[in-house]
2 protein chains.
Amino acid sequence: MTVLHNDTFLRALLKQPVDYTPIWMMRQAGRYLSEYKATRVRAGSFLELCKNTELATEVTIQPLDRFALDAAILFSDILTVPDAMGLGLYFAEGEGPKFTRPVQSEADVAALAVPDMDKLRYVFDAVASIRRALNGRVPLIGFSGSPFTLACYMVEGGGSKEFRTIKSMLYARPDLLHRILEINAAAVTAYLNEQIAAGAQAVQIFDSWGGVLSDAAFEEFSLRYLTQIINGLQREAEGQRVPVIVFVKGGGLWLEKMSTCGADALGLDWTCNIGAARQRVGAQVALQGNFDPMALFGTPDAIEAEVARILAAYGSGSGHVFNLGHGINQFTNPEHAKVLVDAVHRLSRPYHP
Amino acid sequence: MTVLHNDTFLRALLKQPVDYTPIWMMRQAGRYLSEYKATRVRAGSFLELCKNTELATEVTIQPLDRFALDAAILFSDILTVPDAMGLGLYFAEGEGPKFTRPVQSEADVAALAVPDMDKLRYVFDAVASIRRALNGRVPLIGFSGSPFTLACYMVEGGGSKEFRTIKSMLYARPDLLHRILEINAAAVTAYLNEQIAAGAQAVQIFDSWGGVLSDAAFEEFSLRYLTQIINGLQREAEGQRVPVIVFVKGGGLWLEKMSTCGADALGLDWTCNIGAARQRVGAQVALQGNFDPMALFGTPDAIEAEVARILAAYGSGSGHVFNLGHGINQFTNPEHAKVLVDAVHRLSRPYHP
């Protein structure tokens, strides 16, 4: 394998000394970039773009050519796994992801199984292709949705505001939801291990909807399965540790219990003070975040002030990967993303003496 | 004025001894009740229902006739204040509230002013009418939206998922947003004082959207104005303390700083463990919450188990008002609401020896 020229991201996740705070941006390959939109038109649709090795590689690299980012992330979707389970993923224009066959009845649950990983070969092919294209420039992050977040889409049949269907199942038929989550956890474990085997140098598990649960339900229906997955992951590849990042949007209240799930780092949205979060988790894990993506709609001066505030809150020393607290918005001015990336690099040096 | 027959709710807010944990439910007068739907049909529309003293009184009382609730809450809407500012509130079918004249430009902000309270006379008339109808049965809660939450609707022109317009203003033109918030704070102060003068025995300020802010922005753009309002409120009426409840949905991370805003009680959504919250706020404030409204879609046994869990987490002693962590869902089975109310009363007695 090629030499990694910039390992700042991996070092920060492992709390090893770094020269500056590394940064990547969730959804950094996306619609706010004109070159992404052009490639997507060539692909035909979002799903076809995910499944086209060459084009998925192309869009993954695009933001690196614009900004001095410290990591690349596989271009894919969190719903590839339930799609491979045969639930019929599609994207209704302007409505987000949907499934033609949601998992709601006892019979639906009984029919569910861990998918053959061959159905997800296009993802692993993309990982291998992106690694070749990166050629050691920065590390590549693989990812998956969490068992609970996948279950939200699988049970609701799409996005939701109130999560009434899955919460009804949770409170009325917890046995059914646990069965779905067990299958999801086994599938995600296999899926991430295949990504690691194909070349992913770190992995992130997105629990986008864990934050809608009560604290007790989060432990029982999400954290338990996150822990199970992490216990089953291949943690070394190419002689290097493969760090695991867990990001629970809206999970700021639960950092202490999340810090013992086996992850190397926890993602934070922007509602947490990252200094307080660092104190709460102690030496256990690194932290990733926590810039409000909407702050990119401010002036360049306001963006720099917000970067300075977050860096000061975290304080000196390694263990912080700068990121947005959620995916970058499609209407973001790319010049503002550049202001952000450069400000993080420049302003963080005094914190790494 | 008449004698108050059940003051358990007021006593719990002031941390005075009680025999059991009192309960009311956010949006307890609402679409999950067939009698509410019938009255609303007679009123014509939701806004006409809010503006009709007799019918607003009728729907406020309805849930008390079904359930052994320990408080009534004024039937109204949080957007009455910006409506009285002349922004043109309307409800598009199935789309939630909208304003015909959102506040977005510098000129829009310059034209904004505290409304004449006479334009809100229908609200104060409803308060007085409900007090008469209650005849001392339980206390009556008045309420308002918070300055920031009102501003969200005023600037976005309606509900929002991403809050891109108001956050763009916050990060690019904080001066404009502060001007809106100052006007809102003055208006809300006058509005709540008029409700207290008309007979409200406690007031709640709903910061439904404060939780979308970063921790620093929450202090600057929401908490600061909440504190300002509370400082300006009439805290005694009819020789009794008028307790103030502040409910910031998604604000569980900020309880410590909220506990010094002058409120008697803080509302919690369901993501917080109420025992941990109690430890964090200490003796400073009472707590209200924190049952997930979606747990009412569980079985009666599951509802009782969830009640038991929350009561045990809070522990012994006064200072807890049981409530949902958000408004009751329109598809809730009213029989399940009854299970909840009765379970809270029955299961809480051992915690008040």
# chains A, B, ... in the order shown; residues from 1 in each chain; ligands from 1
>>> residues_around(residues="Cys272 (chain B)", least_positions_apart="6", cutoff="9 Å", atoms="only C-alpha atoms", output="ChimeraX atom specification")
/A:214-215,253-254 /B:252-253,290
>>> write_last_selection(atoms="all heavy atoms", output="short mmCIF file (atom, residue, chain, number, x, y, z; two decimals), in the first residue's frame")
data_model
loop_
_atom_site.label_atom_id
_atom_site.label_comp_id
_atom_site.auth_asym_id
_atom_site.auth_seq_id
_atom_site.Cartn_x
_atom_site.Cartn_y
_atom_site.Cartn_z
N SER A 214 -35.81 8.49 24.31
CA SER A 214 -35.59 8.81 25.72
C SER A 214 -34.23 8.25 26.12
O SER A 214 -33.68 7.38 25.45
CB SER A 214 -36.68 8.19 26.58
OG SER A 214 -36.46 6.80 26.70
N ASP A 215 -33.70 8.74 27.23
CA ASP A 215 -32.36 8.28 27.62
C ASP A 215 -32.35 6.77 27.86
O ASP A 215 -31.40 6.08 27.49
CB ASP A 215 -31.85 9.06 28.83
CG ASP A 215 -32.56 8.68 30.11
OD1 ASP A 215 -33.79 8.87 30.18
OD2 ASP A 215 -31.90 8.18 31.03
N LEU A 253 -26.40 14.67 25.56
CA LEU A 253 -26.68 14.37 26.97
C LEU A 253 -26.08 13.03 27.40
O LEU A 253 -25.99 12.75 28.59
CB LEU A 253 -28.19 14.31 27.19
CG LEU A 253 -28.89 15.65 27.36
CD1 LEU A 253 -30.38 15.50 27.12
CD2 LEU A 253 -28.64 16.21 28.76
N TRP A 254 -25.75 12.19 26.44
CA TRP A 254 -25.39 10.81 26.76
C TRP A 254 -23.91 10.51 26.55
O TRP A 254 -23.51 9.34 26.42
CB TRP A 254 -26.24 9.86 25.91
CG TRP A 254 -27.70 10.16 25.95
CD1 TRP A 254 -28.44 10.55 27.05
CD2 TRP A 254 -28.63 10.12 24.85
NE1 TRP A 254 -29.75 10.75 26.70
CE2 TRP A 254 -29.91 10.49 25.36
CE3 TRP A 254 -28.51 9.80 23.49
CZ2 TRP A 254 -31.05 10.56 24.55
CZ3 TRP A 254 -29.65 9.86 22.69
CH2 TRP A 254 -30.89 10.23 23.22
N GLY B 252 -31.79 20.17 27.14
CA GLY B 252 -31.30 19.40 28.28
C GLY B 252 -29.83 19.62 28.61
O GLY B 252 -29.42 19.44 29.76
N LEU B 253 -29.05 20.00 27.61
CA LEU B 253 -27.62 20.23 27.87
C LEU B 253 -27.37 21.50 28.64
O LEU B 253 -26.28 21.70 29.17
CB LEU B 253 -26.86 20.33 26.53
CG LEU B 253 -26.52 19.01 25.86
CD1 LEU B 253 -26.19 19.24 24.40
CD2 LEU B 253 -25.33 18.36 26.56
N ASN B 290 -41.10 14.01 32.26
CA ASN B 290 -40.47 14.07 30.96
C ASN B 290 -40.76 12.81 30.17
O ASN B 290 -39.90 12.14 29.67
CB ASN B 290 -38.96 14.33 31.09
CG ASN B 290 -38.16 13.18 31.66
OD1 ASN B 290 -38.62 12.36 32.45
ND2 ASN B 290 -36.93 13.08 31.22
#
>>> closest_atom_pairs(of="chain A", to="chain B", cutoff="10 Å", atoms="only C-alpha atoms", output="CSV")
residue,atom,partner,partner_atom,distance
A:Lys161,CA,B:Lys161,CA,9.5
A:Glu162,CA,B:Met294,CA,8.3
A:Phe163,CA,B:Met294,CA,8.3
A:Arg164,CA,B:Met294,CA,6.5
A:Thr165,CA,B:Phe297,CA,9.2
A:Ile166,CA,B:Met294,CA,9.5
A:Lys167,CA,B:Met294,CA,6.2
A:Ser168,CA,B:Phe297,CA,5.1
A:Met169,CA,B:Gly298,CA,7.7
A:Leu170,CA,B:Gly298,CA,7.7
A:Tyr171,CA,B:Gly298,CA,4.3
A:Ala172,CA,B:Gly298,CA,4.1
A:Arg173,CA,B:Gly298,CA,7.9
A:Pro174,CA,B:Gly298,CA,9.5
A:Gly210,CA,B:Thr271,CA,10.0
A:Gly211,CA,B:Thr271,CA,7.3
A:Val212,CA,B:Thr271,CA,7.2
A:Leu213,CA,B:Thr271,CA,6.2
A:Ser214,CA,B:Thr271,CA,4.3
A:Asp215,CA,B:Thr271,CA,5.1
A:Ala216,CA,B:Asn273,CA,7.8
A:Ala217,CA,B:Thr271,CA,9.1
A:Phe218,CA,B:Thr271,CA,8.6
A:Gly250,CA,B:Gly250,CA,8.1
A:Gly251,CA,B:Thr271,CA,8.6
A:Gly252,CA,B:Leu253,CA,6.9
A:Leu253,CA,B:Leu253,CA,6.0
A:Trp254,CA,B:Cys272,CA,8.7
A:Asp269,CA,B:Ser214,CA,8.5
A:Trp270,CA,B:Ser214,CA,5.0
A:Thr271,CA,B:Ser214,CA,4.3
A:Cys272,CA,B:Asp215,CA,6.0
A:Asn273,CA,B:Asp215,CA,6.0
A:Ile274,CA,B:Asp215,CA,9.5
A:Asn290,CA,B:Ser214,CA,8.9
A:Phe291,CA,B:Ser214,CA,8.3
A:Asp292,CA,B:Ser214,CA,6.8
A:Pro293,CA,B:Arg164,CA,9.7
A:Met294,CA,B:Lys167,CA,6.2
A:Ala295,CA,B:Tyr171,CA,5.8
A:Leu296,CA,B:Tyr171,CA,8.1
A:Phe297,CA,B:Ser168,CA,5.1
A:Gly298,CA,B:Ala172,CA,4.1
A:Thr299,CA,B:Ala172,CA,5.4
A:Pro300,CA,B:Ala172,CA,9.1
A:Asp301,CA,B:Ala172,CA,9.3
A:Ala302,CA,B:Tyr171,CA,6.4
A:Ile303,CA,B:Tyr171,CA,8.1
A:Glu306,CA,B:Tyr171,CA,9.4
A:Arg309,CA,B:Ala216,CA,9.0
A:Ile310,CA,B:Ala216,CA,9.8
A:Gly325,CA,B:Ser214,CA,9.7
A:Asn329,CA,B:Glu162,CA,9.0
A:Phe331,CA,B:Arg164,CA,9.4
>>> atom_distance(atom1="CA of Phe9 (chain A)", atom2="CA of Ala29 (chain A)")
17.7 Å
>>> residues_around(residues="Phe221 (chain A)", least_positions_apart="2", cutoff="8 Å", atoms="only C-alpha atoms", output="JSON, numbers by chain")
{"A": [148, 178, 181, 217, 218, 219, 223, 224, 225]}
>>> residues_around(residues="region 286-288 of chain B", least_positions_apart="2", cutoff="6 Å", atoms="only C-alpha atoms", output="PDB file with C-alpha atoms, in the first residue's frame")
ATOM      1  CA  LEU B  13     -43.608  24.108  41.270  1.00  0.00           C
ATOM      2  CA  ALA B 265     -39.344  25.363  37.112  1.00  0.00           C
ATOM      3  CA  LEU B 266     -37.725  24.038  33.956  1.00  0.00           C
ATOM      4  CA  GLY B 267     -39.528  21.794  31.496  1.00  0.00           C
ATOM      5  CA  LEU B 268     -37.710  18.727  30.206  1.00  0.00           C
ATOM      6  CA  GLY B 319     -40.466  19.643  42.922  1.00  0.00           C
ATOM      7  CA  HIS B 320     -41.675  17.429  40.082  1.00  0.00           C
ATOM      8  CA  VAL B 321     -44.673  18.181  37.878  1.00  0.00           C
ATOM      9  CA  PHE B 322     -45.295  15.210  35.628  1.00  0.00           C
TER      10      PHE B 322
END
>>> atom_distance(atom1="CA of Ser348 (chain A)", atom2="CA of Ala72 (chain A)")
20.3 Å
>>> select_by_dssp(residues="region 32-92 of chain B", states="strand (DSSP E or B)", output="JSON, numbers by chain")
{"B": [72, 73, 89, 90, 91, 92]}
>>> write_last_selection(atoms="all heavy atoms", output="mmCIF file, in the first residue's frame")
data_model
loop_
_atom_site.group_PDB
_atom_site.id
_atom_site.type_symbol
_atom_site.label_atom_id
_atom_site.label_comp_id
_atom_site.auth_asym_id
_atom_site.auth_seq_id
_atom_site.Cartn_x
_atom_site.Cartn_y
_atom_site.Cartn_z
ATOM 1 N N ALA B 72 -55.101 23.307 34.399
ATOM 2 C CA ALA B 72 -55.662 23.622 33.077
ATOM 3 C C ALA B 72 -54.695 24.581 32.408
ATOM 4 O O ALA B 72 -53.973 25.315 33.082
ATOM 5 C CB ALA B 72 -57.027 24.281 33.234
ATOM 6 N N ILE B 73 -54.664 24.572 31.086
ATOM 7 C CA ILE B 73 -53.841 25.556 30.379
ATOM 8 C C ILE B 73 -54.706 26.270 29.360
ATOM 9 O O ILE B 73 -55.484 25.633 28.632
ATOM 10 C CB ILE B 73 -52.580 24.918 29.745
ATOM 11 C CG1 ILE B 73 -51.748 25.999 29.021
ATOM 12 C CG2 ILE B 73 -52.909 23.748 28.820
ATOM 13 C CD1 ILE B 73 -50.301 25.621 28.750
ATOM 14 N N LEU B 89 -50.984 36.121 10.446
ATOM 15 C CA LEU B 89 -50.931 34.680 10.735
ATOM 16 C C LEU B 89 -52.057 33.953 10.006
ATOM 17 O O LEU B 89 -53.195 34.405 9.984
ATOM 18 C CB LEU B 89 -51.107 34.481 12.251
ATOM 19 C CG LEU B 89 -51.186 33.043 12.779
ATOM 20 C CD1 LEU B 89 -49.884 32.296 12.550
ATOM 21 C CD2 LEU B 89 -51.539 33.050 14.279
ATOM 22 N N TYR B 90 -51.725 32.835 9.391
ATOM 23 C CA TYR B 90 -52.770 31.956 8.855
ATOM 24 C C TYR B 90 -52.292 30.522 8.925
ATOM 25 O O TYR B 90 -51.094 30.254 9.084
ATOM 26 C CB TYR B 90 -53.168 32.363 7.433
ATOM 27 C CG TYR B 90 -52.119 32.125 6.377
ATOM 28 C CD1 TYR B 90 -52.192 31.021 5.527
ATOM 29 C CD2 TYR B 90 -51.035 33.008 6.222
ATOM 30 C CE1 TYR B 90 -51.228 30.800 4.559
ATOM 31 C CE2 TYR B 90 -50.067 32.792 5.252
ATOM 32 C CZ TYR B 90 -50.174 31.679 4.426
ATOM 33 O OH TYR B 90 -49.212 31.455 3.473
ATOM 34 N N PHE B 91 -53.235 29.609 8.848
ATOM 35 C CA PHE B 91 -52.902 28.192 8.924
ATOM 36 C C PHE B 91 -53.255 27.534 7.599
ATOM 37 O O PHE B 91 -54.428 27.414 7.266
ATOM 38 C CB PHE B 91 -53.646 27.521 10.087
ATOM 39 C CG PHE B 91 -53.077 27.902 11.426
ATOM 40 C CD1 PHE B 91 -53.415 29.113 12.020
ATOM 41 C CD2 PHE B 91 -52.172 27.078 12.069
ATOM 42 C CE1 PHE B 91 -52.872 29.482 13.245
ATOM 43 C CE2 PHE B 91 -51.621 27.441 13.293
ATOM 44 C CZ PHE B 91 -51.974 28.644 13.883
ATOM 45 N N ALA B 92 -52.226 27.172 6.840
ATOM 46 C CA ALA B 92 -52.449 26.452 5.588
ATOM 47 C C ALA B 92 -52.745 24.998 5.948
ATOM 48 O O ALA B 92 -52.018 24.397 6.737
ATOM 49 C CB ALA B 92 -51.213 26.551 4.706
#
>>> residues_around(residues="Glu238 (chain B)", least_positions_apart="4", cutoff="10 Å", atoms="only C-alpha atoms", output="count of residues only")
6
>>> select_by_dssp(residues="region 143-270 of chain A", states="helix (DSSP H, G or I)", output="NGL selection string")
:A and (147-156 or 164-172 or 174-198 or 210-212 or 215-231 or 252-258)
>>> atom_distance(atom1="CA of Asp19 (chain A)", atom2="CA of Arg346 (chain A)")
10.5 Å
>>> closest_residue(among="A:Ser316, A:Gln228, A:Gln195, A:Asn184", to="Leu112 (chain A)", atoms="only C-alpha atoms")
A:Asn184
>>> residues_around(residues="Val59 (chain A)", least_positions_apart="5", cutoff="10 Å", atoms="only C-alpha atoms", output="VMD selection string")
chain A and resid 28 to 30 33 35 to 40 49 to 50 54 64 74 to 75 130
>>> write_last_selection(atoms="N, CA and C atoms", output="short mmCIF file (atom, residue, chain, number, x, y, z; two decimals), in the first residue's frame")
data_model
loop_
_atom_site.label_atom_id
_atom_site.label_comp_id
_atom_site.auth_asym_id
_atom_site.auth_seq_id
_atom_site.Cartn_x
_atom_site.Cartn_y
_atom_site.Cartn_z
N GLN A 28 -19.20 16.42 2.59
CA GLN A 28 -18.31 17.35 1.88
C GLN A 28 -18.36 17.16 0.36
N ALA A 29 -18.70 15.96 -0.10
CA ALA A 29 -18.97 15.75 -1.53
C ALA A 29 -20.48 15.89 -1.69
N GLY A 30 -20.91 17.02 -2.22
CA GLY A 30 -22.36 17.20 -2.27
C GLY A 30 -22.81 18.37 -3.12
N LEU A 33 -21.47 21.89 -4.33
CA LEU A 33 -20.38 22.01 -5.30
C LEU A 33 -20.92 21.82 -6.72
N GLU A 35 -19.31 21.13 -9.39
CA GLU A 35 -18.71 19.97 -10.06
C GLU A 35 -19.40 18.67 -9.63
N TYR A 36 -19.88 18.64 -8.38
CA TYR A 36 -20.65 17.47 -7.94
C TYR A 36 -21.95 17.38 -8.73
N LYS A 37 -22.63 18.51 -8.86
CA LYS A 37 -23.91 18.50 -9.58
C LYS A 37 -23.73 18.05 -11.03
N ALA A 38 -22.61 18.47 -11.63
CA ALA A 38 -22.34 18.07 -13.01
C ALA A 38 -22.14 16.55 -13.10
N THR A 39 -21.39 15.98 -12.15
CA THR A 39 -21.16 14.53 -12.17
C THR A 39 -22.46 13.78 -11.92
N ARG A 40 -23.27 14.31 -11.03
CA ARG A 40 -24.53 13.64 -10.73
C ARG A 40 -25.44 13.60 -11.95
N LEU A 49 -25.29 7.17 -9.02
CA LEU A 49 -23.98 7.75 -8.69
C LEU A 49 -23.29 6.91 -7.61
N CYS A 50 -24.06 6.49 -6.58
CA CYS A 50 -23.49 5.63 -5.53
C CYS A 50 -22.97 4.32 -6.11
N GLU A 54 -16.55 4.55 -10.79
CA GLU A 54 -15.73 5.64 -11.32
C GLU A 54 -16.26 7.00 -10.87
N LEU A 64 -11.60 17.61 -2.11
CA LEU A 64 -10.18 17.66 -1.75
C LEU A 64 -9.40 18.56 -2.70
N LEU A 74 -15.92 8.06 1.88
CA LEU A 74 -16.62 7.27 0.87
C LEU A 74 -17.92 7.96 0.45
N PHE A 75 -18.14 8.12 -0.84
CA PHE A 75 -19.43 8.64 -1.29
C PHE A 75 -20.41 7.48 -1.39
N ILE A 130 -11.40 4.47 -4.57
CA ILE A 130 -11.08 5.78 -3.97
C ILE A 130 -9.68 5.73 -3.34
#
